[in-house]
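A.B. asks: What follows is work23.cif; its format and atoms are mmCIF, C-alpha atoms.
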data_start
#
loop_
_atom_site.label_atom_id
_atom_site.label_comp_id
_atom_site.auth_asym_id
_atom_site.auth_seq_id
_atom_site.Cartn_x
_atom_site.Cartn_y
_atom_site.Cartn_z
CA MET A 8 -173.92 198.87 103.97
CA THR A 9 -170.17 198.59 104.34
CA ALA A 10 -168.15 196.98 101.60
CA ALA A 11 -168.46 193.22 101.77
CA MET A 12 -165.54 191.42 103.36
CA PRO A 13 -164.51 188.12 101.75
CA SER A 14 -166.23 185.43 103.81
CA SER A 15 -163.12 183.26 103.62
CA LEU A 16 -161.25 185.67 105.89
CA PRO A 17 -161.34 184.78 109.60
CA VAL A 18 -162.88 186.84 112.38
CA LEU A 19 -160.16 188.08 114.70
CA ILE A 20 -160.66 187.77 118.45
CA LEU A 21 -158.33 190.08 120.33
CA HIS A 22 -157.91 188.22 123.61
CA THR A 23 -157.17 190.73 126.39
CA GLY A 24 -157.40 188.56 129.51
CA ASP A 25 -159.26 185.84 131.38
CA PRO A 26 -161.26 185.12 134.52
CA ASP A 27 -159.42 183.55 137.43
CA ALA A 28 -158.25 179.95 137.05
CA THR A 29 -161.23 178.44 138.86
CA LEU A 30 -163.84 180.17 136.71
CA LYS A 31 -161.78 179.62 133.55
CA SER A 32 -161.58 175.89 134.22
CA GLN A 33 -165.34 175.76 134.63
CA PHE A 34 -166.55 178.11 131.88
CA GLY A 35 -163.61 178.65 129.53
CA GLY A 36 -161.58 181.77 128.91
CA TYR A 37 -163.04 185.06 127.73
CA ALA A 38 -162.04 184.40 124.12
CA ASP A 39 -163.77 181.01 124.25
CA GLN A 40 -166.97 182.51 125.66
CA LEU A 41 -166.93 185.32 123.08
CA ALA A 42 -166.39 182.87 120.22
CA GLN A 43 -169.26 180.70 121.38
CA ALA A 44 -171.65 183.65 121.69
CA ALA A 45 -170.64 184.85 118.21
CA GLY A 46 -171.26 181.41 116.72
CA LEU A 47 -167.65 181.06 115.57
CA THR A 48 -165.83 177.78 114.99
CA PRO A 49 -162.05 177.20 114.96
CA ASP A 50 -161.94 177.36 111.16
CA THR A 51 -163.72 180.75 111.02
CA MET A 52 -161.71 182.66 113.62
CA GLU A 53 -158.22 183.55 114.76
CA ILE A 54 -157.62 184.18 118.47
CA VAL A 55 -154.64 186.41 119.25
CA ALA A 56 -153.65 186.65 122.93
CA VAL A 57 -152.53 190.28 122.93
CA HIS A 58 -152.36 190.25 126.75
CA GLU A 59 -149.54 187.74 126.37
CA GLY A 60 -147.67 189.99 123.94
CA ARG A 61 -148.84 188.40 120.68
CA GLN A 62 -149.81 190.68 117.82
CA PRO A 63 -152.49 190.35 115.12
CA ARG A 64 -151.78 190.55 111.43
CA ALA A 65 -152.76 193.59 109.35
CA PRO A 66 -156.46 194.57 109.52
CA ALA A 67 -156.96 193.51 105.88
CA SER A 68 -156.29 189.91 106.99
CA TYR A 69 -159.66 189.73 108.78
CA ARG A 70 -163.34 190.26 107.99
CA ALA A 71 -164.10 191.61 111.47
CA ALA A 72 -162.54 191.93 114.91
CA LEU A 73 -164.01 191.20 118.35
CA ILE A 74 -162.28 192.42 121.52
CA THR A 75 -162.77 190.53 124.79
CA GLY A 76 -163.16 191.65 128.36
CA SER A 77 -160.24 191.51 130.80
CA PRO A 78 -159.39 191.82 134.49
CA ALA A 79 -156.82 194.45 133.41
CA MET A 80 -157.55 198.19 133.51
CA VAL A 81 -157.27 200.32 130.39
CA THR A 82 -156.02 203.24 132.50
CA ASP A 83 -152.91 201.22 133.46
CA GLN A 84 -151.83 201.68 129.81
CA GLU A 85 -149.81 198.48 129.81
CA PRO A 86 -147.56 198.18 126.73
CA TRP A 87 -149.56 195.31 125.21
CA SER A 88 -152.76 197.31 125.67
CA GLU A 89 -151.33 200.47 124.10
CA ASP A 90 -149.98 198.39 121.20
CA THR A 91 -153.47 196.95 120.72
CA ALA A 92 -154.97 200.45 120.85
CA ALA A 93 -152.64 201.49 118.02
CA TRP A 94 -153.76 198.44 116.00
CA LEU A 95 -157.42 199.38 116.64
CA ARG A 96 -156.79 202.90 115.33
CA ALA A 97 -155.31 201.47 112.14
CA ALA A 98 -158.16 198.97 111.81
CA ALA A 99 -160.80 201.69 112.25
CA ALA A 100 -159.06 203.82 109.62
CA ALA A 101 -159.08 200.80 107.29
CA GLY A 102 -162.83 200.34 107.77
CA LEU A 103 -162.69 196.97 109.56
CA PRO A 104 -165.96 196.10 111.36
CA MET A 105 -165.24 195.77 115.09
CA PHE A 106 -167.15 194.93 118.27
CA GLY A 107 -165.58 195.46 121.70
CA VAL A 108 -166.91 194.10 125.00
CA CYS A 109 -166.19 195.62 128.44
CA TYR A 110 -162.39 196.06 128.32
CA GLY A 111 -162.73 196.01 124.54
CA HIS A 112 -165.41 198.73 124.76
CA GLN A 113 -163.15 200.88 126.90
CA LEU A 114 -160.03 200.19 124.80
CA LEU A 115 -161.79 201.20 121.59
CA ALA A 116 -162.94 204.44 123.22
CA HIS A 117 -159.43 205.12 124.58
CA ALA A 118 -157.82 204.32 121.22
CA LEU A 119 -160.16 206.57 119.24
CA GLY A 120 -160.07 209.66 121.42
CA GLY A 121 -162.44 209.01 124.31
CA LYS A 122 -161.77 208.98 128.05
CA VAL A 123 -161.83 205.94 130.35
CA GLY A 124 -161.74 205.78 134.15
CA TYR A 125 -163.42 204.38 137.23
CA ASN A 126 -167.19 204.69 137.15
CA PRO A 127 -168.21 207.47 139.59
CA ALA A 128 -171.41 205.49 140.27
CA GLY A 129 -169.39 202.50 141.45
CA ARG A 130 -169.03 198.87 140.40
CA GLU A 131 -171.81 197.43 138.22
CA VAL A 132 -172.30 193.67 138.45
CA GLY A 133 -175.02 191.11 137.88
CA THR A 134 -177.98 191.23 135.51
CA GLN A 135 -179.01 194.85 134.95
CA THR A 136 -181.41 196.62 132.60
CA VAL A 137 -180.13 198.31 129.43
CA GLU A 138 -182.22 201.05 127.81
CA LEU A 139 -181.82 201.95 124.14
CA LEU A 140 -181.45 205.67 123.44
CA PRO A 141 -182.83 207.71 120.50
CA PRO A 142 -179.62 207.38 118.39
CA ALA A 143 -180.27 203.61 118.32
CA ALA A 144 -183.39 204.13 116.20
CA GLY A 145 -182.76 202.99 112.65
CA ASP A 146 -179.49 201.20 113.44
CA ARG A 147 -179.59 197.88 111.61
CA LEU A 148 -177.79 196.05 114.41
CA LEU A 149 -180.56 196.98 116.86
CA ALA A 150 -183.56 196.88 114.53
CA GLY A 151 -186.56 195.17 116.12
CA LEU A 152 -185.05 194.93 119.60
CA PRO A 153 -187.12 195.95 122.64
CA SER A 154 -186.40 199.39 124.10
CA THR A 155 -185.17 197.80 127.35
CA PHE A 156 -183.62 194.40 127.95
CA PRO A 157 -181.50 192.64 130.60
CA ALA A 158 -177.74 192.27 130.17
CA GLN A 159 -174.86 190.89 132.23
CA MET A 160 -172.55 193.45 133.83
CA LEU A 161 -169.12 193.08 135.39
CA HIS A 162 -167.08 196.28 135.51
CA ALA A 163 -165.52 198.96 137.70
CA GLN A 164 -164.09 201.18 134.97
CA THR A 165 -166.17 202.69 132.20
CA VAL A 166 -166.17 205.05 129.24
CA LEU A 167 -166.38 208.47 130.87
CA GLN A 168 -166.33 210.35 127.56
CA PRO A 169 -167.03 208.68 124.19
CA PRO A 170 -164.75 209.38 121.21
CA PRO A 171 -165.56 212.49 119.15
CA GLY A 172 -168.54 211.88 116.89
CA ALA A 173 -169.53 208.60 118.55
CA ALA A 174 -173.21 207.78 118.95
CA VAL A 175 -174.31 206.58 122.39
CA LEU A 176 -176.86 203.84 121.72
CA ALA A 177 -177.76 202.58 125.22
CA ARG A 178 -177.49 203.32 128.93
CA SER A 179 -178.12 201.69 132.30
CA ASP A 180 -178.90 203.15 135.72
CA LEU A 181 -175.22 203.24 136.68
CA ASP A 182 -173.63 203.85 133.28
CA GLY A 183 -174.65 206.36 130.63
CA HIS A 184 -172.47 204.74 127.95
CA GLN A 185 -173.53 201.08 127.84
CA MET A 186 -173.34 200.85 124.03
CA ILE A 187 -171.51 203.04 121.53
CA ARG A 188 -171.20 203.17 117.76
CA ILE A 189 -168.14 204.80 116.23
CA GLY A 190 -168.43 205.57 112.54
CA ARG A 191 -170.52 203.11 110.52
CA ASN A 192 -169.36 199.71 111.72
CA VAL A 193 -167.49 199.91 115.03
CA PHE A 194 -169.64 198.97 118.02
CA SER A 195 -168.92 198.33 121.67
CA THR A 196 -170.83 197.39 124.80
CA GLN A 197 -169.95 197.83 128.45
CA PHE A 198 -172.23 194.87 129.16
CA HIS A 199 -171.28 191.30 128.32
CA PRO A 200 -173.29 189.64 125.52
CA GLU A 201 -171.15 186.53 125.93
CA PHE A 202 -171.81 185.77 129.61
CA GLY A 203 -174.43 183.25 130.59
CA PRO A 204 -176.27 183.42 133.92
CA GLU A 205 -174.33 180.46 135.31
CA PHE A 206 -171.01 182.27 134.87
CA VAL A 207 -172.33 185.45 136.49
CA ARG A 208 -173.74 183.54 139.47
CA ALA A 209 -170.45 181.68 139.90
CA HIS A 210 -168.52 184.96 139.70
CA LEU A 211 -170.73 186.58 142.34
CA GLU A 212 -170.26 183.57 144.60
CA ARG A 213 -166.50 183.58 144.13
CA PHE A 214 -166.06 187.33 144.73
CA GLY A 215 -169.02 187.86 147.05
CA ARG A 216 -166.93 188.79 150.08
CA ARG A 217 -165.07 191.48 148.13
CA TYR A 218 -168.31 192.92 146.74
CA ALA A 219 -170.02 192.82 150.14
CA ALA A 220 -167.14 194.92 151.48
CA GLU A 221 -168.12 197.49 148.82
CA ASN A 222 -171.66 197.49 150.25
CA LEU A 223 -173.11 195.60 147.29
CA ASP A 224 -176.15 193.40 147.99
CA VAL A 225 -174.60 190.14 146.82
CA PRO A 226 -177.57 187.88 147.72
CA GLY A 227 -179.93 190.27 145.93
CA LEU A 228 -177.66 190.48 142.89
CA SER A 229 -177.36 186.69 142.74
CA ALA A 230 -181.12 186.22 143.03
CA ASN A 231 -181.65 188.66 140.14
CA VAL A 232 -179.29 186.91 137.70
CA ARG A 233 -181.22 185.63 134.70
CA ALA A 234 -180.89 184.80 131.02
CA THR A 235 -180.19 187.69 128.63
CA PRO A 236 -181.18 186.47 125.15
CA VAL A 237 -181.47 189.91 123.53
CA ALA A 238 -178.02 191.04 124.65
CA GLY A 239 -176.67 187.56 123.99
CA GLY A 240 -177.67 187.69 120.33
CA LEU A 241 -175.83 190.91 119.50
CA LEU A 242 -172.50 189.37 118.48
CA ARG A 243 -174.09 187.04 115.93
CA ARG A 244 -176.25 189.90 114.64
CA PHE A 245 -173.17 192.10 114.30
CA LEU A 246 -171.33 189.53 112.21
CA GLU A 247 -174.40 188.88 110.05
CA VAL A 248 -175.04 192.57 109.37
CA TYR A 249 -171.52 193.98 109.12
CA ALA A 250 -169.15 191.11 108.31
#
The structure in this file should be written as structure tokens.
C.D. replies:
Amino acid sequence: MTAAMPSSLPVLILHTGDPDATLKSQFGGYADQLAQAAGLTPDTMEIVAVHEGRQPRAPASYRAALITGSPAMVTDQEPWSEDTAAWLRAAAAAGLPMFGVCYGHQLLAHALGGKVGYNPAGREVGTQTVELLPPAAGDRLLAGLPSTFPAQMLHAQTVLQPPPGAAVLARSDLDGHQMIRIGRNVFSTQFHPEFGPEFVRAHLERFGRRYAAENLDVPGLSANVRATPVAGGLLRRFLEVYA
């Protein structure tokens, strides 16, 4: 097990973006949804809006870091994103437990030597099936989980090549790198543990015309949206096991 972090330290949420104003008003921002899924309260976390140019304190100031999703693209290499990538490199070197989601998954991979780009298989949205891979066996974060489980997806870009030495823990039909572990205590998922089915349905309804133009079966995707309790429990499990 990693060295224990003082429980009095907050969990950092690196806030990298939000849904559009309509969805945000209804469901909260991405940092809010991530905090809720992780079981965090205002006195146990610190949200830093890096997409607005704010910067976190030194990694030693936190007991763990979570990185949100974003409508931005890692490949745009916006200054705030590259600054955050540099912070993630320092945090990984310092041994800070981290968990990135979607954009956070891709940014961690980019920061630590992997390659990110548009998924050759196309956009992946809705509730899809995640399959654990052999390297997941024996990982304490995934112990006792079923070999396949549903998870919420919402991405066009993906990790094309994981960082050197990373373990690929899970895949889906359209994405071979759904979950990655880097070192002992840095995890990331392309899927969204924090999204509930209501948010995903509302997103599909709001952007249905755009997705239909990409030849996605929006009615079929909407009908398939369902609860994802296994995926949804991963953030709390991560904090319990590693932070």
A.B. asks: Counting all atoms listed in the file, which residues come within 6 Å of (-157.4, 186.5, 118.6), with the point read in the file's coordinates, and could you list them as a list in words?
C.D. replies: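 With a cut-off of 6 Å, the residues come to Leu19, Ile20, Leu21, His22, Glu53, Ile54, Val55 and Ala56 of chain A.
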A.B. asks: Can you list, as a ChimeraX atom specification, every protein, DNA or RNA residue that comes within 12 Å of Thr29 in chain A when you count only C-alpha atoms, leaving out same-chain residues fewer than 3 positions away?
C.D. replies: /A:25-26,32-36,206,209-210,212-214
A.B. asks: Those selected residues, please, written with C-alpha atoms and delivered as a compact mmCIF listing (two decimals), in the frame of the given file.
C.D. replies:
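Dumped to result.txt:
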# COMPACT_ATOMS: atom_id res chain seq x y z
CA ASP A 25 -159.26 185.84 131.38
CA PRO A 26 -161.26 185.12 134.52
CA SER A 32 -161.58 175.89 134.22
CA GLN A 33 -165.34 175.76 134.63
CA PHE A 34 -166.55 178.11 131.88
CA GLY A 35 -163.61 178.65 129.53
CA GLY A 36 -161.58 181.77 128.91
CA PHE A 206 -171.01 182.27 134.87
CA ALA A 209 -170.45 181.68 139.90
CA HIS A 210 -168.52 184.96 139.70
CA GLU A 212 -170.26 183.57 144.60
CA ARG A 213 -166.50 183.58 144.13
CA PHE A 214 -166.06 187.33 144.73
A.B. asks: Using all atoms listed in the file, which of the listed residues (A:Leu140, A:Val237, A:Ala67, A:Val207) sits closest to Leu152 in chain A?
C.D. replies: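 Among the listed residues, A:Val237 lies closest to Leu152 in chain A.
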A.B. asks: Got a sec to resolve the PyMOL selection byres ((chain A and resi 240) around 12) on this structure and send the residues as an NGL selection string?
C.D. replies: :A and (41 or 43-46 or 148-149 or 152 or 156 or 158 or 199-203 or 234-239 or 241-247)
A.B. asks: Taking the file as shown, what set of residues would the PyMOL selection byres ((chain A and resi 182-186) around 10) give back, as an NGL selection string?
C.D. replies: :A and (107-109 or 112 or 126-131 or 137-140 or 143 or 160 or 165-169 or 174-181 or 187-188 or 194-198)
A.B. asks: Using CA of Gly133 in chain A and CA of Gly111 in chain A as the two end points, give the distance in Å to one decimal.
C.D. replies: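 Going from CA of Gly133 in chain A over to CA of Gly111 in chain A, I get 18.8 Å.
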A.B. asks: Could you pull the residues within 10 Å of Pro226 in chain A, counting all atoms listed in the file, minus those fewer than 5 positions along the same chain, as a PyMOL selection string?
C.D. replies: chain A and resi 211-212+215+219+231
A.B. asks: Smallest atom-to-atom distance to Leu95 in chain A: which of A:Tyr37, A:Glu205, A:Glu59, A:Val193, using all atoms listed in the file?
C.D. replies: A:Val193
